[in-house]
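protein-v4.pdb follows (PDB, C-alpha atoms, pLDDT in the B column):
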ATOM      1  CA  MET X 179     -28.603  11.032 -97.886  1.00 86.00           C
ATOM      2  CA  LYS X 180     -29.595  10.233 -94.312  1.00 93.00           C
ATOM      3  CA  ILE X 181     -27.574  11.540 -91.361  1.00 97.00           C
ATOM      4  CA  GLY X 182     -26.957   9.527 -88.198  1.00 97.00           C
ATOM      5  CA  PHE X 183     -26.658  11.487 -84.957  1.00 97.00           C
ATOM      6  CA  CYS X 184     -25.800  10.179 -81.499  1.00 97.00           C
ATOM      7  CA  ALA X 185     -25.664  12.235 -78.288  1.00 96.00           C
ATOM      8  CA  ILE X 186     -24.137  10.801 -75.097  1.00 96.00           C
ATOM      9  CA  TRP X 187     -24.372  12.850 -71.925  1.00 92.00           C
ATOM     10  CA  LYS X 188     -24.448  13.165 -68.171  1.00 89.00           C
ATOM     11  CA  ASN X 189     -26.049  15.848 -66.033  1.00 83.00           C
ATOM     12  CA  LYS X 190     -24.067  18.694 -64.493  1.00 83.00           C
ATOM     13  CA  LEU X 191     -24.176  19.919 -60.898  1.00 79.00           C
ATOM     14  CA  SER X 192     -26.253  22.855 -62.170  1.00 79.00           C
ATOM     15  CA  GLU X 193     -29.058  20.380 -62.849  1.00 75.00           C
ATOM     16  CA  TYR X 194     -28.990  19.148 -59.266  1.00 74.00           C
ATOM     17  CA  HIS X 195     -29.115  22.686 -57.843  1.00 77.00           C
ATOM     18  CA  ALA X 196     -31.797  23.991 -60.223  1.00 78.00           C
ATOM     19  CA  LYS X 197     -35.164  25.039 -58.819  1.00 80.00           C
ATOM     20  CA  GLU X 198     -38.210  22.973 -59.685  1.00 77.00           C
ATOM     21  CA  GLU X 199     -39.738  25.806 -61.755  1.00 81.00           C
ATOM     22  CA  GLU X 200     -36.599  26.062 -63.900  1.00 82.00           C
ATOM     23  CA  GLU X 201     -36.516  22.295 -64.420  1.00 79.00           C
ATOM     24  CA  ILE X 202     -40.139  22.216 -65.557  1.00 80.00           C
ATOM     25  CA  GLU X 203     -39.746  25.230 -67.856  1.00 84.00           C
ATOM     26  CA  THR X 204     -36.636  23.800 -69.501  1.00 84.00           C
ATOM     27  CA  THR X 205     -38.247  20.398 -69.965  1.00 82.00           C
ATOM     28  CA  LEU X 206     -41.310  21.932 -71.651  1.00 85.00           C
ATOM     29  CA  LYS X 207     -39.136  23.942 -74.053  1.00 89.00           C
ATOM     30  CA  ILE X 208     -37.077  20.865 -74.916  1.00 88.00           C
ATOM     31  CA  SER X 209     -40.241  18.847 -75.523  1.00 86.00           C
ATOM     32  CA  GLN X 210     -41.357  21.429 -78.086  1.00 91.00           C
ATOM     33  CA  CYS X 211     -38.023  21.002 -79.890  1.00 92.00           C
ATOM     34  CA  PHE X 212     -38.591  17.236 -80.141  1.00 90.00           C
ATOM     35  CA  ILE X 213     -42.117  17.754 -81.509  1.00 92.00           C
ATOM     36  CA  LYS X 214     -40.659  20.060 -84.175  1.00 96.00           C
ATOM     37  CA  ALA X 215     -37.875  17.547 -84.936  1.00 95.00           C
ATOM     38  CA  LYS X 216     -40.391  14.790 -85.657  1.00 94.00           C
ATOM     39  CA  LYS X 217     -42.432  17.119 -87.887  1.00 96.00           C
ATOM     40  CA  LEU X 218     -39.259  17.857 -89.888  1.00 97.00           C
ATOM     41  CA  GLY X 219     -38.681  14.144 -90.450  1.00 96.00           C
ATOM     42  CA  ILE X 220     -36.166  13.260 -87.747  1.00 96.00           C
ATOM     43  CA  LYS X 221     -36.592   9.694 -86.523  1.00 93.00           C
ATOM     44  CA  ILE X 222     -35.805   9.570 -82.802  1.00 91.00           C
ATOM     45  CA  TYR X 223     -34.965   6.125 -81.446  1.00 90.00           C
ATOM     46  CA  GLY X 224     -35.600   7.076 -77.847  1.00 86.00           C
ATOM     47  CA  LEU X 225     -33.823   7.716 -74.578  1.00 88.00           C
ATOM     48  CA  HIS X 226     -31.404   5.067 -73.280  1.00 92.00           C
ATOM     49  CA  ASN X 227     -30.237   4.903 -69.680  1.00 92.00           C
ATOM     50  CA  ILE X 228     -26.573   3.823 -69.607  1.00 93.00           C
ATOM     51  CA  ARG X 229     -25.676   4.837 -66.050  1.00 89.00           C
ATOM     52  CA  TRP X 230     -25.550   1.180 -64.943  1.00 86.00           C
ATOM     53  CA  ALA X 231     -23.063   0.240 -67.700  1.00 86.00           C
ATOM     54  CA  SER X 232     -21.015   3.436 -68.190  1.00 89.00           C
ATOM     55  CA  ASP X 233     -19.687   6.540 -66.461  1.00 88.00           C
ATOM     56  CA  GLU X 234     -22.117   8.480 -68.692  1.00 91.00           C
ATOM     57  CA  GLN X 235     -25.876   8.653 -67.993  1.00 91.00           C
ATOM     58  CA  TYR X 236     -27.860   8.611 -71.245  1.00 92.00           C
ATOM     59  CA  PHE X 237     -27.643   8.319 -74.997  1.00 94.00           C
ATOM     60  CA  THR X 238     -30.063   8.944 -77.824  1.00 94.00           C
ATOM     61  CA  PHE X 239     -29.843   8.181 -81.526  1.00 96.00           C
ATOM     62  CA  TRP X 240     -31.547  10.088 -84.361  1.00 96.00           C
ATOM     63  CA  GLU X 241     -31.763   9.582 -88.096  1.00 95.00           C
ATOM     64  CA  CYS X 242     -32.081  12.929 -89.868  1.00 97.00           C
ATOM     65  CA  PRO X 243     -33.086  13.834 -93.442  1.00 97.00           C
ATOM     66  CA  SER X 244     -30.248  16.395 -93.789  1.00 96.00           C
ATOM     67  CA  PHE X 245     -27.461  18.279 -92.026  1.00 96.00           C
ATOM     68  CA  ASP X 246     -29.488  21.502 -92.207  1.00 97.00           C
ATOM     69  CA  ILE X 247     -32.412  20.031 -90.269  1.00 97.00           C
ATOM     70  CA  LEU X 248     -30.096  18.516 -87.656  1.00 97.00           C
ATOM     71  CA  GLU X 249     -28.321  21.851 -87.182  1.00 97.00           C
ATOM     72  CA  GLU X 250     -31.652  23.665 -86.838  1.00 97.00           C
ATOM     73  CA  ILE X 251     -32.891  21.362 -84.074  1.00 96.00           C
ATOM     74  CA  ILE X 252     -29.584  21.424 -82.169  1.00 96.00           C
ATOM     75  CA  SER X 253     -29.696  25.238 -82.323  1.00 96.00           C
ATOM     76  CA  ASP X 254     -33.273  25.184 -80.976  1.00 96.00           C
ATOM     77  CA  LEU X 255     -32.231  22.863 -78.133  1.00 93.00           C
ATOM     78  CA  GLU X 256     -29.397  25.196 -77.183  1.00 93.00           C
ATOM     79  CA  LYS X 257     -31.824  28.141 -77.016  1.00 93.00           C
ATOM     80  CA  ALA X 258     -34.198  26.005 -74.927  1.00 89.00           C
ATOM     81  CA  GLY X 259     -31.467  25.451 -72.334  1.00 86.00           C
ATOM     82  CA  ASP X 260     -30.795  21.771 -73.032  1.00 85.00           C
ATOM     83  CA  PHE X 261     -27.031  22.126 -72.565  1.00 86.00           C
ATOM     84  CA  LYS X 262     -27.051  24.200 -69.377  1.00 84.00           C
ATOM     85  CA  PHE X 263     -27.924  21.092 -67.351  1.00 82.00           C
ATOM     86  CA  ALA X 264     -25.912  18.456 -69.229  1.00 85.00           C
ATOM     87  CA  LYS X 265     -22.454  17.885 -70.658  1.00 89.00           C
ATOM     88  CA  SER X 266     -22.776  15.989 -73.925  1.00 91.00           C
ATOM     89  CA  SER X 267     -20.682  14.471 -76.705  1.00 94.00           C
ATOM     90  CA  HIS X 268     -22.104  14.364 -80.235  1.00 96.00           C
ATOM     91  CA  PHE X 269     -21.302  11.943 -83.076  1.00 97.00           C
ATOM     92  CA  ILE X 270     -22.372  12.464 -86.696  1.00 97.00           C
ATOM     93  CA  GLY X 271     -22.175  10.110 -89.669  1.00 97.00           C
ATOM     94  CA  THR X 272     -23.475   9.867 -93.207  1.00 96.00           C
ATOM     95  CA  GLU X 273     -25.498   6.926 -94.511  1.00 94.00           C
ATOM     96  CA  PHE X 274     -22.986   4.357 -95.727  1.00 93.00           C
ATOM     97  CA  LEU X 275     -24.549   0.908 -95.962  1.00 89.00           C
ATOM     98  CA  ASN X 276     -28.064  -0.522 -95.609  1.00 90.00           C
ATOM     99  CA  LEU X 277     -28.210  -3.743 -93.611  1.00 88.00           C
ATOM    100  CA  LYS X 278     -30.269  -6.907 -94.004  1.00 83.00           C
ATOM    101  CA  SER X 279     -30.890  -7.036 -90.261  1.00 74.00           C
ATOM    102  CA  ASN X 280     -33.432  -4.231 -90.576  1.00 75.00           C
ATOM    103  CA  LYS X 281     -35.837  -7.057 -91.484  1.00 65.00           C
ATOM    104  CA  ASN X 282     -35.904  -7.796 -87.744  1.00 54.00           C
ATOM    105  CA  TYR X 283     -37.612  -4.439 -87.219  1.00 59.00           C
ATOM    106  CA  SER X 284     -41.335  -3.708 -87.074  1.00 59.00           C
ATOM    107  CA  PRO X 285     -42.430  -0.048 -86.642  1.00 51.00           C
ATOM    108  CA  ASP X 286     -45.023  -1.114 -84.045  1.00 59.00           C
ATOM    109  CA  GLU X 287     -42.621  -3.190 -81.967  1.00 69.00           C
ATOM    110  CA  LYS X 288     -40.924  -1.859 -78.853  1.00 78.00           C
ATOM    111  CA  PHE X 289     -37.320  -2.848 -78.171  1.00 87.00           C
ATOM    112  CA  ASN X 290     -36.126  -2.867 -74.563  1.00 90.00           C
ATOM    113  CA  PHE X 291     -32.409  -2.291 -75.183  1.00 94.00           C
ATOM    114  CA  GLY X 292     -30.293  -0.133 -77.456  1.00 94.00           C
ATOM    115  CA  LEU X 293     -26.599  -0.370 -78.261  1.00 95.00           C
ATOM    116  CA  MET X 294     -24.246   2.109 -79.920  1.00 97.00           C
ATOM    117  CA  LEU X 295     -21.314   0.406 -81.644  1.00 97.00           C
ATOM    118  CA  PHE X 296     -18.372   2.594 -82.712  1.00 97.00           C
ATOM    119  CA  ILE X 297     -15.606   1.146 -84.907  1.00 94.00           C
ATOM    120  CA  LYS X 298     -12.150   2.360 -85.887  1.00 93.00           C
ATOM    121  CA  SER X 299      -9.706   0.444 -88.062  1.00 87.00           C
ATOM    122  CA  ILE X 300      -6.208   0.334 -86.602  1.00 76.00           C
ATOM    123  CA  LYS X 301      -4.747  -0.646 -89.970  1.00 71.00           C
ATOM    124  CA  LYS X 302      -5.810   0.708 -93.336  1.00 65.00           C
ATOM    125  CA  PHE X 303      -8.766  -1.261 -94.694  1.00 61.00           C
ATOM    126  CA  GLU X 304      -8.541  -2.909 -98.047  1.00 57.00           C
ATOM    127  CA  LYS X 305     -11.887  -2.751 -99.836  1.00 56.00           C
ATOM    128  CA  LEU X 306     -12.380  -6.523 -99.768  1.00 48.00           C
ATOM    129  CA  ALA X 307     -11.638  -6.758 -96.035  1.00 56.00           C
ATOM    130  CA  GLY X 308     -14.029  -3.863 -95.322  1.00 61.00           C
ATOM    131  CA  ASN X 309     -16.892  -5.468 -97.230  1.00 78.00           C
ATOM    132  CA  PHE X 310     -16.273  -8.783 -95.499  1.00 85.00           C
ATOM    133  CA  LEU X 311     -16.386  -7.079 -92.098  1.00 88.00           C
ATOM    134  CA  PHE X 312     -19.754  -5.430 -92.747  1.00 89.00           C
ATOM    135  CA  ASP X 313     -21.212  -8.675 -94.107  1.00 89.00           C
ATOM    136  CA  LYS X 314     -20.015 -10.496 -91.001  1.00 89.00           C
ATOM    137  CA  LEU X 315     -21.515  -7.882 -88.694  1.00 91.00           C
ATOM    138  CA  ASP X 316     -24.819  -7.968 -90.562  1.00 91.00           C
ATOM    139  CA  GLN X 317     -24.985 -11.753 -90.231  1.00 90.00           C
ATOM    140  CA  LEU X 318     -24.148 -11.440 -86.538  1.00 91.00           C
ATOM    141  CA  PHE X 319     -27.056  -9.037 -86.053  1.00 91.00           C
ATOM    142  CA  LEU X 320     -29.411 -11.424 -87.859  1.00 89.00           C
ATOM    143  CA  LYS X 321     -28.320 -14.528 -85.957  1.00 88.00           C
ATOM    144  CA  ASN X 322     -28.764 -12.809 -82.595  1.00 88.00           C
ATOM    145  CA  ASN X 323     -32.192 -11.269 -83.335  1.00 88.00           C
ATOM    146  CA  LEU X 324     -30.748  -7.750 -83.316  1.00 91.00           C
ATOM    147  CA  MET X 325     -32.006  -4.885 -85.460  1.00 90.00           C
ATOM    148  CA  SER X 326     -29.722  -2.392 -87.170  1.00 90.00           C
ATOM    149  CA  GLU X 327     -31.002  -0.501 -90.198  1.00 88.00           C
ATOM    150  CA  ARG X 328     -27.732   0.874 -91.509  1.00 91.00           C
ATOM    151  CA  CYS X 329     -24.078   1.705 -90.943  1.00 94.00           C
ATOM    152  CA  TYR X 330     -22.974   5.354 -90.791  1.00 96.00           C
ATOM    153  CA  LYS X 331     -19.589   6.630 -91.890  1.00 95.00           C
ATOM    154  CA  SER X 332     -18.146   9.152 -89.445  1.00 94.00           C
ATOM    155  CA  LYS X 333     -14.464   9.302 -90.351  1.00 87.00           C
ATOM    156  CA  SER X 334     -14.729  12.886 -91.636  1.00 85.00           C
ATOM    157  CA  PHE X 335     -16.368  14.110 -88.410  1.00 89.00           C
ATOM    158  CA  GLY X 336     -14.387  12.609 -85.538  1.00 87.00           C
ATOM    159  CA  SER X 337     -12.128   9.879 -84.220  1.00 90.00           C
ATOM    160  CA  TRP X 338     -14.362   6.913 -85.208  1.00 95.00           C
ATOM    161  CA  ASP X 339     -14.644   5.476 -88.723  1.00 94.00           C
ATOM    162  CA  TYR X 340     -18.160   3.991 -88.503  1.00 95.00           C
ATOM    163  CA  PHE X 341     -21.021   3.581 -86.084  1.00 97.00           C
ATOM    164  CA  PHE X 342     -24.231   1.568 -85.767  1.00 96.00           C
ATOM    165  CA  TYR X 343     -27.355   1.853 -83.668  1.00 96.00           C
ATOM    166  CA  ILE X 344     -28.519  -1.638 -82.662  1.00 94.00           C
ATOM    167  CA  ALA X 345     -31.847  -2.510 -81.011  1.00 92.00           C
ATOM    168  CA  SER X 346     -32.585  -5.671 -79.032  1.00 92.00           C
ATOM    169  CA  ARG X 347     -35.633  -7.268 -77.440  1.00 90.00           C
ATOM    170  CA  THR X 348     -33.638  -9.051 -74.713  1.00 91.00           C
ATOM    171  CA  TYR X 349     -30.391  -8.605 -72.816  1.00 92.00           C
ATOM    172  CA  GLU X 350     -29.426 -12.220 -73.560  1.00 92.00           C
ATOM    173  CA  ASP X 351     -29.209 -11.481 -77.299  1.00 91.00           C
ATOM    174  CA  ILE X 352     -26.913  -8.523 -76.657  1.00 91.00           C
ATOM    175  CA  GLU X 353     -24.756 -10.562 -74.276  1.00 90.00           C
ATOM    176  CA  ILE X 354     -24.092 -13.168 -76.984  1.00 91.00           C
ATOM    177  CA  PHE X 355     -23.355 -10.393 -79.480  1.00 92.00           C
ATOM    178  CA  GLN X 356     -20.841  -8.781 -77.117  1.00 90.00           C
ATOM    179  CA  GLU X 357     -18.933 -12.059 -76.875  1.00 89.00           C
ATOM    180  CA  LYS X 358     -18.847 -12.479 -80.669  1.00 91.00           C
ATOM    181  CA  ILE X 359     -17.770  -8.908 -81.364  1.00 92.00           C
ATOM    182  CA  GLU X 360     -14.605  -9.470 -79.338  1.00 89.00           C
ATOM    183  CA  SER X 361     -13.368 -12.113 -81.799  1.00 88.00           C
ATOM    184  CA  ILE X 362     -14.247  -9.863 -84.761  1.00 89.00           C
ATOM    185  CA  LYS X 363     -12.263  -7.069 -83.148  1.00 90.00           C
ATOM    186  CA  TYR X 364      -9.079  -9.158 -83.161  1.00 88.00           C
ATOM    187  CA  ASP X 365      -9.727 -10.746 -86.567  1.00 86.00           C
ATOM    188  CA  PHE X 366      -9.944  -7.318 -88.253  1.00 87.00           C
ATOM    189  CA  ASP X 367      -7.602  -5.391 -85.952  1.00 87.00           C
ATOM    190  CA  LEU X 368     -10.283  -2.943 -84.813  1.00 91.00           C
ATOM    191  CA  ARG X 369     -10.786  -0.566 -81.934  1.00 93.00           C
ATOM    192  CA  ILE X 370     -14.403  -0.633 -80.751  1.00 94.00           C
ATOM    193  CA  LYS X 371     -16.555   1.114 -78.167  1.00 95.00           C
ATOM    194  CA  LEU X 372     -19.972  -0.077 -76.983  1.00 95.00           C
ATOM    195  CA  TYR X 373     -22.646   1.835 -75.078  1.00 96.00           C
ATOM    196  CA  LEU X 374     -25.469  -0.380 -73.823  1.00 95.00           C
ATOM    197  CA  GLY X 375     -28.680   1.260 -72.654  1.00 94.00           C
ATOM    198  CA  VAL X 376     -32.097   0.367 -71.295  1.00 92.00           C
ATOM    199  CA  LYS X 377     -34.828   2.268 -73.120  1.00 89.00           C
ATOM    200  CA  GLU X 378     -36.832   4.643 -70.940  1.00 83.00           C
ATOM    201  CA  SER X 379     -40.198   6.147 -71.800  1.00 69.00           C
ATOM    202  CA  ASN X 380     -40.013   9.113 -69.417  1.00 60.00           C
ATOM    203  CA  PHE X 381     -37.389  11.768 -68.914  1.00 56.00           C
ATOM    204  CA  ARG X 382     -37.301  15.153 -67.308  1.00 53.00           C
ATOM    205  CA  PHE X 383     -34.448  17.171 -65.938  1.00 54.00           C
ATOM    206  CA  GLY X 384     -34.443  17.466 -62.250  1.00 51.00           C
ATOM    207  CA  ARG X 385     -33.662  16.415 -58.758  1.00 49.00           C
ATOM    208  CA  ASN X 386     -37.274  17.198 -57.782  1.00 50.00           C
ATOM    209  CA  TYR X 387     -38.571  14.850 -60.451  1.00 49.00           C
ATOM    210  CA  GLN X 388     -36.385  12.039 -59.175  1.00 47.00           C
ATOM    211  CA  LEU X 389     -37.017  12.630 -55.458  1.00 47.00           C
ATOM    212  CA  ASN X 390     -40.791  12.803 -55.905  1.00 48.00           C
ATOM    213  CA  TYR X 391     -40.764   9.486 -57.786  1.00 45.00           C
ATOM    214  CA  GLU X 392     -43.048  10.887 -60.500  1.00 48.00           C
ATOM    215  CA  TRP X 393     -41.297   8.758 -63.114  1.00 42.00           C
ATOM    216  CA  ALA X 394     -41.994   5.581 -61.118  1.00 43.00           C
ATOM    217  CA  LYS X 395     -45.667   6.426 -60.639  1.00 46.00           C
ATOM    218  CA  LYS X 396     -46.090   6.840 -64.396  1.00 47.00           C
ATOM    219  CA  ASN X 397     -44.767   3.331 -64.973  1.00 41.00           C
ATOM    220  CA  GLU X 398     -46.883   1.571 -62.330  1.00 40.00           C
TER     221      GLU X 398
END
Go through the file and emit its structure as structure tokens.
Amino acid sequence: MKIGFCAIWKNKLSEYHAKEEEEIETTLKISQCFIKAKKLGIKIYGLHNIRWASDEQYFTFWECPSFDILEEIISDLEKAGDFKFAKSSHFIGTEFLNLKSNKNYSPDEKFNFGLMLFIKSIKKFEKLAGNFLFDKLDQLFLKNNLMSERCYKSKSFGSWDYFFYIASRTYEDIEIFQEKIESIKYDFDLRIKLYLGVKESNFRFGRNYQLNYEWAKKNE
């Protein structure tokens, strides 16, 4: 059974006041954790900048082979100092439903945008209504050229019932989806939350990193 994991965070003041040496050391240690995570079979969907669309700064989404492996990597990140610079919220779900829209996905293709969709039913779902909702969402992903491999059930772990990670090649496709999801929300009496991010290839903690424009030079 696959495990879905989403972290949403923003940096603390301690990150801004940290010395350059501490920023570099912490970043290197965190990078080693990610290398280990991939070796253990965790699929990392990348870093998403959401500062422009949220009061948070970043989110990432992982698909993990088991709870044990996820717990091991989170423990390693804590030892590496990942949480001393950032305040994060974590969401966990178990594999619930495979989606047809994963046909839009090619392992070699790079998507520019990522979207986390969280869903909670205000009224108790009947089984038929629940199935119809997921079919409708899957068709919506397909029609708008969006990729989502599966739905994760998170009711046992927090305040949301389900969540999805959705990838998109263009902002226009997401914009159309956002309009459509509003009507679905009222049709099924749902509470939803969306986090829209631009995928970034480079990340390092640090005011020095940002002020020196190293990240921009790498992308020139």
List the neighbours of Phe312 in chain X out to 12 Å using only C-alpha atoms; skip same-chain residues closer than 4 positions along the sequence, and give me the result as a PDB file with C-alpha atoms, in the coordinates of the input.
ATOM      1  CA  PHE X 274     -22.986   4.357 -95.727  1.00 93.00           C
ATOM      2  CA  LEU X 275     -24.549   0.908 -95.962  1.00 89.00           C
ATOM      3  CA  ASN X 276     -28.064  -0.522 -95.609  1.00 90.00           C
ATOM      4  CA  LEU X 277     -28.210  -3.743 -93.611  1.00 88.00           C
ATOM      5  CA  LYS X 278     -30.269  -6.907 -94.004  1.00 83.00           C
ATOM      6  CA  SER X 279     -30.890  -7.036 -90.261  1.00 74.00           C
ATOM      7  CA  ILE X 297     -15.606   1.146 -84.907  1.00 94.00           C
ATOM      8  CA  PHE X 303      -8.766  -1.261 -94.694  1.00 61.00           C
ATOM      9  CA  LYS X 305     -11.887  -2.751 -99.836  1.00 56.00           C
ATOM     10  CA  LEU X 306     -12.380  -6.523 -99.768  1.00 48.00           C
ATOM     11  CA  ALA X 307     -11.638  -6.758 -96.035  1.00 56.00           C
ATOM     12  CA  GLY X 308     -14.029  -3.863 -95.322  1.00 61.00           C
ATOM     13  CA  ASP X 316     -24.819  -7.968 -90.562  1.00 91.00           C
ATOM     14  CA  GLN X 317     -24.985 -11.753 -90.231  1.00 90.00           C
ATOM     15  CA  LEU X 318     -24.148 -11.440 -86.538  1.00 91.00           C
ATOM     16  CA  PHE X 319     -27.056  -9.037 -86.053  1.00 91.00           C
ATOM     17  CA  SER X 326     -29.722  -2.392 -87.170  1.00 90.00           C
ATOM     18  CA  ARG X 328     -27.732   0.874 -91.509  1.00 91.00           C
ATOM     19  CA  CYS X 329     -24.078   1.705 -90.943  1.00 94.00           C
ATOM     20  CA  TYR X 330     -22.974   5.354 -90.791  1.00 96.00           C
ATOM     21  CA  TYR X 340     -18.160   3.991 -88.503  1.00 95.00           C
ATOM     22  CA  PHE X 341     -21.021   3.581 -86.084  1.00 97.00           C
ATOM     23  CA  PHE X 342     -24.231   1.568 -85.767  1.00 96.00           C
ATOM     24  CA  ILE X 362     -14.247  -9.863 -84.761  1.00 89.00           C
ATOM     25  CA  PHE X 366      -9.944  -7.318 -88.253  1.00 87.00           C
TER      26      PHE X 366
END
- Test item: residues at most 10 Å from Ser244 in chain X, all atoms listed in the file, excluding those fewer than 5 positions along its chain, as a PyMOL selection string: chain X and resi 179-182+218-220+249+272
- Message: Just to confirm, what's the straight-line distance from CA of Tyr373 in chain X to CA of His195 in chain X in Å (one decimal)?
- Response: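 Straight-line distance from CA of Tyr373 in chain X to CA of His195 in chain X works out to 27.8 Å.
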- Item | Gap from CA of Ala231 in chain X to CA of Leu374 in chain X - Å, one decimal | 6.6 Å
- Go through X:Val376, X:Ala196, X:Ile202, X:Leu315 and flag the residue nearest Phe237 in chain X, using only C-alpha atoms for the distances.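 Closest to Phe237 in chain X, using only C-alpha atoms: X:Val376.
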- Which polymer residues have any atom within 6 Å of an atom of Ala264 in chain X, counting all atoms listed in the file, with same-chain residues fewer than 5 positions away left out, as a ChimeraX atom specification? /X:188-190
- Test item: residues at most 12 Å from Ile186 in chain X, all atoms listed in the file, excluding those fewer than 4 positions along its chain, as a ChimeraX atom specification: /X:225-229,232-240,261,264-270,293-294,372-375
- Task: Using all atoms listed in the file, pick whichever of X:Ser299, X:Ser334, X:Asn290, X:Thr204 has the shortest atom-to-atom distance to Lys363 in chain X.
- Result: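 Smallest separation from Lys363 in chain X among the options: X:Ser299.
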- Item | From X:Asp260, X:Asp365, X:Glu350, X:Glu203, residue lying nearest Lys301 in chain X [all atoms listed in the file] |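 Using all atoms listed in the file, Lys301 in chain X sits closest to X:Asp365.
Residues within 12 Å of Ser253 in chain X, counting only C-alpha atoms and excluding same-chain residues fewer than 6 positions away, are Ile208, Cys211, Ala215, Asp246, Ile247, Gly259, Asp260 and Phe261 of chain X.
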- Selected residue, from X:Lys358, X:Gln210, X:Gly224, X:Glu273, that lies nearest to Ile251 in chain X when counting all atoms listed in the file: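 Looking only at the distances to Ile251 in chain X, the closest residue turns out to be X:Gln210.
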- Message: Rounded to one decimal, what separation in Å do you get between CA of Lys314 in chain X and CA of Lys331 in chain X?
- Response: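 Going from CA of Lys314 in chain X over to CA of Lys331 in chain X, I get 17.2 Å.
For the set X:Leu248, X:Leu295, X:Leu368, X:Leu311, the residue with the smallest atom-to-atom gap to Gln356 in chain X is X:Leu295, counting all atoms listed in the file.
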- Query: X:Trp187, X:Phe263, X:Phe291, X:Trp230: which is nearest Tyr343 in chain X, counting only C-alpha atoms?
  - Reply: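 That would be X:Phe291, the residue with the smallest distance to Tyr343 in chain X.
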- Task: Name the residues captured by the PyMOL selection byres ((chain X and resi 325) around 7) when it is applied to the shown file; answer as an MDAnalysis selection string.
- Result: chainID X and resid 279:280 282:283 319 323:324 326:327 344:346
What does the file look like for those residues with C-alpha atoms, as a PDB file, in the coordinates of the input?
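Written file, part_35.pdb:
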ATOM      1  CA  SER X 279     -30.890  -7.036 -90.261  1.00 74.00           C
ATOM      2  CA  ASN X 280     -33.432  -4.231 -90.576  1.00 75.00           C
ATOM      3  CA  ASN X 282     -35.904  -7.796 -87.744  1.00 54.00           C
ATOM      4  CA  TYR X 283     -37.612  -4.439 -87.219  1.00 59.00           C
ATOM      5  CA  PHE X 319     -27.056  -9.037 -86.053  1.00 91.00           C
ATOM      6  CA  ASN X 323     -32.192 -11.269 -83.335  1.00 88.00           C
ATOM      7  CA  LEU X 324     -30.748  -7.750 -83.316  1.00 91.00           C
ATOM      8  CA  SER X 326     -29.722  -2.392 -87.170  1.00 90.00           C
ATOM      9  CA  GLU X 327     -31.002  -0.501 -90.198  1.00 88.00           C
ATOM     10  CA  ILE X 344     -28.519  -1.638 -82.662  1.00 94.00           C
ATOM     11  CA  ALA X 345     -31.847  -2.510 -81.011  1.00 92.00           C
ATOM     12  CA  SER X 346     -32.585  -5.671 -79.032  1.00 92.00           C
TER      13      SER X 346
END
